[in-house]
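**Student:** Contents are PDB, C-alpha atoms; file name data_0.pdb:
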ATOM      1  CA  MET B   2     -12.466  19.825  -9.025
ATOM      2  CA  ASP B   3     -14.802  17.267  -7.454
ATOM      3  CA  SER B   4     -13.319  16.170  -4.144
ATOM      4  CA  ARG B   5     -14.911  12.723  -4.230
ATOM      5  CA  MET B   6     -14.072   9.493  -6.035
ATOM      6  CA  VAL B   7     -15.658   6.064  -6.457
ATOM      7  CA  GLY B   8     -13.710   3.137  -5.022
ATOM      8  CA  ASP B   9     -13.450  -0.443  -6.263
ATOM      9  CA  ASP B  10     -16.534  -1.350  -4.228
ATOM     10  CA  GLY B  11     -18.617   1.397  -5.846
ATOM     11  CA  GLU B  12     -18.738   3.545  -2.702
ATOM     12  CA  GLU B  13     -17.909   7.223  -2.908
ATOM     13  CA  ALA B  14     -15.173   8.484  -0.631
ATOM     14  CA  ALA B  15     -13.402  11.776  -0.064
ATOM     15  CA  MET B  16     -10.012  12.026  -1.745
ATOM     16  CA  GLY B  17      -6.735  12.702  -0.033
ATOM     17  CA  LYS B  18      -6.770   9.791   2.418
ATOM     18  CA  ILE B  19      -3.578   7.864   3.141
ATOM     19  CA  VAL B  20      -4.342   4.161   2.802
ATOM     20  CA  MET B  21      -1.922   1.586   4.188
ATOM     21  CA  MET B  22      -2.138  -1.643   2.162
ATOM     22  CA  MET B  23      -0.318  -4.786   3.271
ATOM     23  CA  SER B  24      -0.536  -8.544   2.837
ATOM     24  CA  VAL B  25      -0.078 -10.543   6.039
ATOM     25  CA  SER B  26      -0.135 -14.134   7.193
ATOM     26  CA  VAL B  27      -2.769 -15.296   9.673
ATOM     27  CA  ASP B  28      -0.161 -14.936  12.426
ATOM     28  CA  GLY B  29       0.649 -11.354  11.459
ATOM     29  CA  PHE B  30       3.840 -11.544   9.392
ATOM     30  CA  PHE B  31       4.341  -9.537   6.191
ATOM     31  CA  ALA B  32       7.346 -11.618   5.089
ATOM     32  CA  ASP B  33       9.089 -14.821   6.091
ATOM     33  CA  PRO B  34      12.342 -14.629   8.117
ATOM     34  CA  ASP B  35      14.390 -14.158   4.926
ATOM     35  CA  GLY B  36      12.041 -11.534   3.498
ATOM     36  CA  GLY B  37      10.373 -14.035   1.172
ATOM     37  CA  LEU B  38       6.885 -13.397  -0.170
ATOM     38  CA  ASP B  39       6.306 -16.624  -2.107
ATOM     39  CA  TRP B  40       3.411 -17.480   0.221
ATOM     40  CA  HIS B  41       1.351 -14.567  -1.148
ATOM     41  CA  LEU B  42      -1.649 -15.880  -3.109
ATOM     42  CA  ILE B  43      -1.920 -13.215  -5.804
ATOM     43  CA  ASP B  44      -4.215 -14.818  -8.354
ATOM     44  CA  GLU B  45      -6.025 -13.099 -11.225
ATOM     45  CA  GLU B  46      -9.042 -12.146  -9.107
ATOM     46  CA  LEU B  47      -6.957 -10.462  -6.424
ATOM     47  CA  HIS B  48      -4.686  -8.783  -8.970
ATOM     48  CA  TYR B  49      -7.651  -7.245 -10.790
ATOM     49  CA  HIS B  50      -8.951  -6.056  -7.415
ATOM     50  CA  PHE B  51      -5.606  -4.375  -6.691
ATOM     51  CA  ASN B  52      -5.620  -2.730 -10.126
ATOM     52  CA  ALA B  53      -9.150  -1.383  -9.683
ATOM     53  CA  LEU B  54      -8.200   0.009  -6.290
ATOM     54  CA  LEU B  55      -4.834   1.487  -7.253
ATOM     55  CA  ALA B  56      -5.545   2.920 -10.708
ATOM     56  CA  PRO B  57      -7.524   5.936  -9.420
ATOM     57  CA  MET B  58      -5.028   6.672  -6.636
ATOM     58  CA  GLY B  59      -3.245  10.010  -6.728
ATOM     59  CA  ALA B  60       0.184   8.704  -5.713
ATOM     60  CA  PHE B  61       2.138   5.906  -4.061
ATOM     61  CA  PHE B  62       4.172   6.356  -0.862
ATOM     62  CA  ASP B  63       6.816   3.625  -0.508
ATOM     63  CA  GLY B  64       9.799   2.818   1.619
ATOM     64  CA  ARG B  65      13.098   2.226  -0.158
ATOM     65  CA  VAL B  66      12.969  -1.580  -0.029
ATOM     66  CA  THR B  67       9.415  -1.740  -1.354
ATOM     67  CA  TYR B  68      10.175   0.799  -4.064
ATOM     68  CA  GLN B  69      13.280  -1.029  -5.274
ATOM     69  CA  LEU B  70      11.423  -4.361  -5.379
ATOM     70  CA  MET B  71       8.752  -2.747  -7.543
ATOM     71  CA  ALA B  72      11.245  -0.858  -9.737
ATOM     72  CA  ASP B  73      13.209  -4.034 -10.435
ATOM     73  CA  TYR B  74      10.243  -5.606 -12.214
ATOM     74  CA  TRP B  75       7.230  -3.453 -13.023
ATOM     75  CA  PRO B  76       8.640  -0.779 -15.382
ATOM     76  CA  THR B  77       8.888  -3.300 -18.242
ATOM     77  CA  ALA B  78       6.661  -6.112 -16.963
ATOM     78  CA  ASP B  79       4.158  -5.656 -19.798
ATOM     79  CA  GLN B  80       6.923  -6.407 -22.316
ATOM     80  CA  ASP B  81       7.343  -9.895 -20.875
ATOM     81  CA  PRO B  82       5.463 -12.439 -23.052
ATOM     82  CA  GLY B  83       4.501 -14.259 -19.866
ATOM     83  CA  SER B  84       2.777 -11.191 -18.468
ATOM     84  CA  ALA B  85      -0.792 -10.684 -19.542
ATOM     85  CA  GLY B  86      -4.115  -9.538 -18.167
ATOM     86  CA  PRO B  87      -3.850  -7.832 -14.778
ATOM     87  CA  MET B  88      -0.046  -8.043 -14.608
ATOM     88  CA  ALA B  89       0.432  -6.165 -17.868
ATOM     89  CA  GLU B  90      -2.251  -3.708 -16.801
ATOM     90  CA  PHE B  91      -0.549  -3.009 -13.491
ATOM     91  CA  ALA B  92       2.779  -2.275 -15.205
ATOM     92  CA  GLY B  93       1.176   0.744 -16.842
ATOM     93  CA  ILE B  94      -0.494   1.817 -13.603
ATOM     94  CA  TRP B  95       2.817   1.664 -11.736
ATOM     95  CA  ARG B  96       4.818   3.516 -14.417
ATOM     96  CA  ASP B  97       2.346   6.368 -14.737
ATOM     97  CA  MET B  98       1.589   6.877 -11.053
ATOM     98  CA  PRO B  99       3.443   9.648  -9.195
ATOM     99  CA  LYS B 100       5.579   7.929  -6.595
ATOM    100  CA  TYR B 101       7.272   9.196  -3.441
ATOM    101  CA  VAL B 102      10.006   7.019  -1.976
ATOM    102  CA  PHE B 103      11.297   7.678   1.534
ATOM    103  CA  SER B 104      15.024   7.039   1.756
ATOM    104  CA  ARG B 105      18.113   8.537   3.330
ATOM    105  CA  THR B 106      20.409   6.706   0.896
ATOM    106  CA  LEU B 107      18.848   7.031  -2.566
ATOM    107  CA  ASP B 108      20.154  10.064  -4.452
ATOM    108  CA  GLN B 109      17.592   9.799  -7.219
ATOM    109  CA  ALA B 110      14.906   7.495  -8.558
ATOM    110  CA  GLY B 111      13.326   7.106 -11.970
ATOM    111  CA  TRP B 112       9.854   6.288 -13.214
ATOM    112  CA  ASN B 113       8.049   9.417 -12.059
ATOM    113  CA  THR B 114       9.462   9.152  -8.542
ATOM    114  CA  THR B 115      10.379  11.830  -5.997
ATOM    115  CA  VAL B 116      12.806  11.004  -3.173
ATOM    116  CA  LEU B 117      11.873  12.287   0.305
ATOM    117  CA  ARG B 118      14.266  12.026   3.239
ATOM    118  CA  GLU B 119      11.994  12.241   6.258
ATOM    119  CA  VAL B 120       8.358  11.691   7.226
ATOM    120  CA  VAL B 121       7.289  15.288   7.862
ATOM    121  CA  PRO B 122       3.566  15.339   8.720
ATOM    122  CA  ASP B 123       2.711  18.758   7.258
ATOM    123  CA  GLU B 124       4.556  17.944   4.037
ATOM    124  CA  ILE B 125       2.891  14.524   3.780
ATOM    125  CA  ARG B 126      -0.602  15.919   4.281
ATOM    126  CA  LYS B 127       0.051  18.645   1.728
ATOM    127  CA  ILE B 128       1.071  16.052  -0.882
ATOM    128  CA  ALA B 129      -1.970  13.901  -0.091
ATOM    129  CA  GLU B 130      -4.295  16.870  -0.545
ATOM    130  CA  GLN B 131      -2.731  17.942  -3.839
ATOM    131  CA  VAL B 132      -2.341  14.704  -5.816
ATOM    132  CA  GLY B 133      -5.988  14.353  -6.814
ATOM    133  CA  GLY B 134      -6.816  11.038  -5.171
ATOM    134  CA  ASP B 135      -6.050   8.836  -2.215
ATOM    135  CA  VAL B 136      -2.457   7.778  -1.591
ATOM    136  CA  ALA B 137      -1.426   4.130  -1.286
ATOM    137  CA  LEU B 138       1.127   3.537   1.471
ATOM    138  CA  GLY B 139       3.390   0.502   1.148
ATOM    139  CA  GLY B 140       6.123  -0.953   3.335
ATOM    140  CA  ALA B 141       6.058  -2.131   6.944
ATOM    141  CA  ALA B 142       8.734   0.232   8.270
ATOM    142  CA  LEU B 143       7.225   3.219   6.468
ATOM    143  CA  GLY B 144       3.766   2.232   7.658
ATOM    144  CA  ALA B 145       5.052   2.199  11.248
ATOM    145  CA  ALA B 146       6.553   5.665  10.790
ATOM    146  CA  PHE B 147       3.267   6.984   9.394
ATOM    147  CA  LEU B 148       1.297   5.410  12.246
ATOM    148  CA  GLU B 149       3.671   6.982  14.739
ATOM    149  CA  GLN B 150       2.849  10.387  13.222
ATOM    150  CA  ASP B 151      -0.900   9.619  13.053
ATOM    151  CA  LEU B 152      -0.864   9.872   9.258
ATOM    152  CA  VAL B 153      -2.788   6.696   8.355
ATOM    153  CA  ASP B 154      -6.478   7.173   7.526
ATOM    154  CA  GLU B 155      -7.314   3.632   6.426
ATOM    155  CA  ILE B 156      -5.697   0.209   6.692
ATOM    156  CA  ARG B 157      -6.386  -2.560   4.195
ATOM    157  CA  LEU B 158      -5.021  -5.869   5.453
ATOM    158  CA  TYR B 159      -5.054  -8.799   3.023
ATOM    159  CA  VAL B 160      -4.849 -11.870   5.251
ATOM    160  CA  HIS B 161      -3.463 -14.886   3.386
ATOM    161  CA  PRO B 162      -4.466 -18.379   4.546
ATOM    162  CA  VAL B 163      -1.097 -19.436   5.935
ATOM    163  CA  VAL B 164       0.514 -19.573   9.380
ATOM    164  CA  LEU B 165       4.217 -18.889   8.866
ATOM    165  CA  GLY B 166       5.298 -19.599  12.434
ATOM    166  CA  ARG B 167       8.210 -17.181  12.129
ATOM    167  CA  GLY B 168       8.774 -14.097  10.070
ATOM    168  CA  ARG B 169       8.817 -10.317  10.052
ATOM    169  CA  PRO B 170       5.856  -8.924  12.009
ATOM    170  CA  LEU B 171       3.827  -6.178  10.378
ATOM    171  CA  PHE B 172       3.174  -4.279  13.591
ATOM    172  CA  GLN B 173       5.970  -3.611  16.063
ATOM    173  CA  PRO B 174       5.471  -2.505  19.688
ATOM    174  CA  ALA B 175       4.576   1.198  19.747
ATOM    175  CA  ASP B 176       3.691   3.905  22.233
ATOM    176  CA  HIS B 177       0.508   5.005  20.492
ATOM    177  CA  ARG B 178      -2.900   3.358  20.330
ATOM    178  CA  HIS B 179      -5.006   3.674  17.168
ATOM    179  CA  ASP B 180      -8.732   3.018  17.397
ATOM    180  CA  LEU B 181     -10.203   1.708  14.148
ATOM    181  CA  ARG B 182     -13.619   0.982  12.700
ATOM    182  CA  LEU B 183     -14.136  -2.055  10.484
ATOM    183  CA  LYS B 184     -15.474  -0.622   7.246
ATOM    184  CA  ARG B 185     -15.941  -3.830   5.269
ATOM    185  CA  THR B 186     -14.599  -7.293   4.619
ATOM    186  CA  ARG B 187     -14.248  -9.329   1.447
ATOM    187  CA  THR B 188     -13.284 -12.946   0.893
ATOM    188  CA  PHE B 189     -11.544 -13.870  -2.349
ATOM    189  CA  GLY B 190     -11.695 -17.252  -4.054
ATOM    190  CA  SER B 191      -8.114 -18.039  -3.000
ATOM    191  CA  GLY B 192      -9.062 -17.732   0.659
ATOM    192  CA  VAL B 193      -7.442 -14.312   1.067
ATOM    193  CA  VAL B 194      -9.600 -12.080   3.279
ATOM    194  CA  LEU B 195      -9.618  -8.288   3.106
ATOM    195  CA  LEU B 196     -10.066  -6.483   6.416
ATOM    196  CA  HIS B 197     -10.687  -2.830   5.607
ATOM    197  CA  TYR B 198     -10.404  -0.440   8.555
ATOM    198  CA  GLU B 199     -10.702   3.314   8.872
ATOM    199  CA  ARG B 200      -9.573   5.544  11.681
ATOM    200  CA  ARG B 201     -12.094   6.229  14.411
ATOM    201  CA  ASP B 202     -11.646   9.726  15.768
ATOM    202  CA  GLY B 203     -13.100  11.044  18.945
TER     203      GLY B 203
END
Write out the structure in this file as structure tokens.

**Tutor:**
Amino acid sequence: MDSRMVGDDGEEAAMGKIVMMMSVSVDGFFADPDGGLDWHLIDEELHYHFNALLAPMGAFFDGRVTYQLMADYWPTADQDPGSAGPMAEFAGIWRDMPKYVFSRTLDQAGWNTTVLREVVPDEIRKIAEQVGGDVALGGAALGAAFLEQDLVDEIRLYVHPVVLGRGRPLFQPADHRHDLRLKRTRTFGSGVVLLHYERRDG
């Protein structure tokens, strides 16, 4: 099997990377104080970008909260008459994608999902190497756990043009430093800016 893939920007990259993807405000919050996300500017352009990026992924890693938010809507989103274009397309991507949800409370999960209890580095790397593509990592708490174990290869921050003032910060104080290299940026018509980083070893 070829161990390379072509990303949404047309650049080839080795498969098996763990890619943390999060939307944040300019002041670094991933949600408002109540967990609200209504400030996210997900227009058609950005949604198509997400689809192009996520469709060739090998799997999704999600925390329980993120997984349940997705599972509450996306399994049947393409049956909603109001869903068309990229939203309907993403419903199929989400249903078909192998998913791993990290939870100590969920006994089982549907929609092609495996429940994992702990972030075990050797087990995580083995999954990432076997799924046949990169792995999208979602959820602030899970992202922090992966960073703590040095399991994040790339970070894609989508900075939305809003200063929330208060909210839930994406990055909490930690004992480890992670040196990154800015791989590329992209500005979308809505004003959302992608900051794409990769780990810098050595």

**Student:** Starting from the displayed file, determine the output of the PyMOL selection byres ((chain B and resi 42) around 8) and express the residue list as a list in words.

**Tutor:**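 Output from the PyMOL selection byres ((chain B and resi 42) around 8), applied to this file: Trp40, His41, Ile43, Asp44, His161, Ser191 and Val193 of chain B.
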
**Student:** Go ahead and write the selection's residues with C-alpha atoms as a CSV table (one decimal), in the frame of the given file.

**Tutor:**
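Once everything was written out, this is part_22.csv:
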chain,number,residue,atom,x,y,z
B,40,TRP,CA,3.4,-17.5,0.2
B,41,HIS,CA,1.4,-14.6,-1.1
B,43,ILE,CA,-1.9,-13.2,-5.8
B,44,ASP,CA,-4.2,-14.8,-8.4
B,161,HIS,CA,-3.5,-14.9,3.4
B,191,SER,CA,-8.1,-18.0,-3.0
B,193,VAL,CA,-7.4,-14.3,1.1

**Student:** Identify the residues around (10.2, 4.6, -7.0) within a radius of 7 Å, measuring from all atoms listed in the file in the coordinates stated by the file, and give them as a list of chain:residue names.

**Tutor:**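 Selection result: B:Tyr68, B:Gln69, B:Ala72, B:Lys100, B:Tyr101, B:Val102, B:Ala110, B:Gly111, B:Trp112, B:Thr114.
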
**Student:** Could you please determine the separation between atom CA of Phe51 of chain B and atom CA of Val153 of chain B in Å, to one decimal place?

**Tutor:**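 Spanning atom CA of Phe51 of chain B to atom CA of Val153 of chain B is a straight-line distance of 18.9 Å.
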
**Student:** When you look at Gly17 of chain B with a cut-off of 9 Å (counting all atoms listed in the file), what residues show up, excluding the ones that are within fewer than 4 positions of it in the same chain? I need them as a list in words.

**Tutor:**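 These residues fall inside the cut-off: Ser4, Gly59, Arg126, Ile128, Ala129, Glu130, Gln131, Val132, Gly133, Gly134, Asp135 and Val136 of chain B.
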
**Student:** What does the distance between atom CA of Leu148 of chain B and atom CA of Asp35 of chain B come to in Å, to one decimal place?

**Tutor:**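 Separating atom CA of Leu148 of chain B from atom CA of Asp35 of chain B is a distance of 24.7 Å.
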
**Student:** When distances are computed from only C-alpha atoms, which of B:Lys127, B:Lys184, B:Arg169, B:His197 shows the smallest separation from Pro34 of chain B?

**Tutor:**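 Of the candidates, the smallest distance to Pro34 of chain B is held by B:Arg169.
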
**Student:** Applied to this file, what does the PyMOL selection byres ((chain B and resi 182) around 7) return in terms of residues, put as a list in words?

**Tutor:**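 What the PyMOL selection byres ((chain B and resi 182) around 7) grabs from the file is Leu181, Leu183, Lys184, Tyr198, Glu199, Arg200 and Arg201 of chain B.
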
**Student:** Report the centre and edge lengths, in Å to one decimal, of an axis-aligned box enclosing every atom of segment 149-163 of chain B listed in the file, padded by 3 Å on each side, as AutoDock Vina command-line options.

**Tutor:**
--center_x -1.8 --center_y -4.5 --center_z 8.9 --size_x 17.0 --size_y 35.8 --size_z 17.7

**Student:** Residues of segment 83-183 of chain B that approach segment 21-25 of chain B to 10 Å or less, counting all atoms listed in the file: could you list each one with the shortest pair of atoms and its distance in Å to one decimal, rows by chain and increasing residue number, as a tab-separated table?

**Tutor:**
residue	atom	partner	partner_atom	distance
B:Val136	CA	B:Met21	CA	8.5
B:Ala137	CA	B:Met21	CA	6.1
B:Leu138	CA	B:Met21	CA	4.5
B:Gly139	CA	B:Met22	CA	6.0
B:Gly140	CA	B:Met23	CA	7.5
B:Ala141	CA	B:Met23	CA	7.8
B:Leu143	CA	B:Met21	CA	9.6
B:Gly144	CA	B:Met21	CA	6.7
B:Ala145	CA	B:Met21	CA	9.9
B:Phe147	CA	B:Met21	CA	9.1
B:Leu148	CA	B:Met21	CA	9.5
B:Leu152	CA	B:Met21	CA	9.8
B:Val153	CA	B:Met21	CA	6.7
B:Asp154	CA	B:Met21	CA	7.9
B:Glu155	CA	B:Met21	CA	6.2
B:Ile156	CA	B:Met21	CA	4.7
B:Arg157	CA	B:Met22	CA	4.8
B:Leu158	CA	B:Met23	CA	5.3
B:Tyr159	CA	B:Ser24	CA	4.5
B:Val160	CA	B:Val25	CA	5.0
B:His161	CA	B:Val25	CA	6.1
B:Pro162	CA	B:Val25	CA	9.1
B:Val163	CA	B:Val25	CA	9.0
B:Val164	CA	B:Val25	CA	9.6
B:Leu165	CA	B:Val25	CA	9.8
B:Arg169	CA	B:Val25	CA	9.8
B:Pro170	CA	B:Val25	CA	8.6
B:Leu171	CA	B:Val25	CA	7.3

**Student:** For each of B:Met58, B:His50, B:Leu70, B:Val120, take the minimum atom-to-atom distance to Pro87 of chain B, counting only C-alpha atoms, then give the residue where this is smallest.

**Tutor:**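 Distance minimum relative to Pro87 of chain B lands on B:His50.
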
**Student:** Model the absent atoms of segment 167-187 of chain B so that N, CA and C atoms are present, and write the result as an mmCIF file, in the frame of the given file.

**Tutor:**
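File part04.cif, as written:
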data_model
loop_
_atom_site.group_PDB
_atom_site.id
_atom_site.type_symbol
_atom_site.label_atom_id
_atom_site.label_comp_id
_atom_site.auth_asym_id
_atom_site.auth_seq_id
_atom_site.Cartn_x
_atom_site.Cartn_y
_atom_site.Cartn_z
ATOM 1 N N ARG B 167 7.185 -18.199 11.891
ATOM 2 C CA ARG B 167 8.210 -17.181 12.129
ATOM 3 C C ARG B 167 8.233 -16.246 10.936
ATOM 4 N N GLY B 168 8.695 -15.039 11.169
ATOM 5 C CA GLY B 168 8.774 -14.097 10.070
ATOM 6 C C GLY B 168 8.970 -12.684 10.581
ATOM 7 N N ARG B 169 8.659 -11.726 9.720
ATOM 8 C CA ARG B 169 8.817 -10.317 10.052
ATOM 9 C C ARG B 169 7.436 -9.744 10.369
ATOM 10 N N PRO B 170 7.196 -9.376 11.620
ATOM 11 C CA PRO B 170 5.856 -8.924 12.009
ATOM 12 C C PRO B 170 5.516 -7.576 11.381
ATOM 13 N N LEU B 171 4.257 -7.435 10.979
ATOM 14 C CA LEU B 171 3.827 -6.178 10.378
ATOM 15 C C LEU B 171 3.830 -5.058 11.403
ATOM 16 N N PHE B 172 3.280 -5.320 12.577
ATOM 17 C CA PHE B 172 3.174 -4.279 13.591
ATOM 18 C C PHE B 172 4.150 -4.539 14.726
ATOM 19 N N GLN B 173 5.011 -3.554 14.970
ATOM 20 C CA GLN B 173 5.970 -3.611 16.063
ATOM 21 C C GLN B 173 5.381 -2.929 17.294
ATOM 22 N N PRO B 174 5.923 -3.226 18.495
ATOM 23 C CA PRO B 174 5.471 -2.505 19.688
ATOM 24 C C PRO B 174 5.595 -0.993 19.485
ATOM 25 N N ALA B 175 4.594 -0.253 19.937
ATOM 26 C CA ALA B 175 4.576 1.198 19.747
ATOM 27 C C ALA B 175 3.957 1.854 20.973
ATOM 28 N N ASP B 176 4.177 3.156 21.082
ATOM 29 C CA ASP B 176 3.691 3.905 22.233
ATOM 30 C C ASP B 176 2.303 4.484 22.020
ATOM 31 N N HIS B 177 1.787 4.379 20.793
ATOM 32 C CA HIS B 177 0.508 5.005 20.492
ATOM 33 C C HIS B 177 -0.552 3.954 20.176
ATOM 34 N N ARG B 178 -1.750 4.197 20.640
ATOM 35 C CA ARG B 178 -2.900 3.358 20.330
ATOM 36 C C ARG B 178 -3.695 4.010 19.199
ATOM 37 N N HIS B 179 -4.210 3.177 18.290
ATOM 38 C CA HIS B 179 -5.006 3.674 17.168
ATOM 39 C C HIS B 179 -6.333 2.927 17.148
ATOM 40 N N ASP B 180 -7.403 3.623 17.425
ATOM 41 C CA ASP B 180 -8.732 3.018 17.397
ATOM 42 C C ASP B 180 -9.264 3.029 15.969
ATOM 43 N N LEU B 181 -9.760 1.881 15.521
ATOM 44 C CA LEU B 181 -10.203 1.708 14.148
ATOM 45 C C LEU B 181 -11.651 1.252 14.103
ATOM 46 N N ARG B 182 -12.276 1.494 12.962
ATOM 47 C CA ARG B 182 -13.619 0.982 12.700
ATOM 48 C C ARG B 182 -13.549 0.071 11.488
ATOM 49 N N LEU B 183 -14.108 -1.141 11.614
ATOM 50 C CA LEU B 183 -14.136 -2.055 10.484
ATOM 51 C C LEU B 183 -15.136 -1.548 9.453
ATOM 52 N N LYS B 184 -14.631 -1.204 8.288
ATOM 53 C CA LYS B 184 -15.474 -0.622 7.246
ATOM 54 C C LYS B 184 -16.139 -1.695 6.403
ATOM 55 N N ARG B 185 -15.367 -2.721 6.044
ATOM 56 C CA ARG B 185 -15.941 -3.830 5.269
ATOM 57 C C ARG B 185 -14.957 -4.991 5.248
ATOM 58 N N THR B 186 -15.444 -6.132 4.861
ATOM 59 C CA THR B 186 -14.599 -7.293 4.619
ATOM 60 C C THR B 186 -14.924 -7.848 3.238
ATOM 61 N N ARG B 187 -14.001 -8.635 2.714
ATOM 62 C CA ARG B 187 -14.248 -9.329 1.447
ATOM 63 C C ARG B 187 -13.406 -10.594 1.430
#
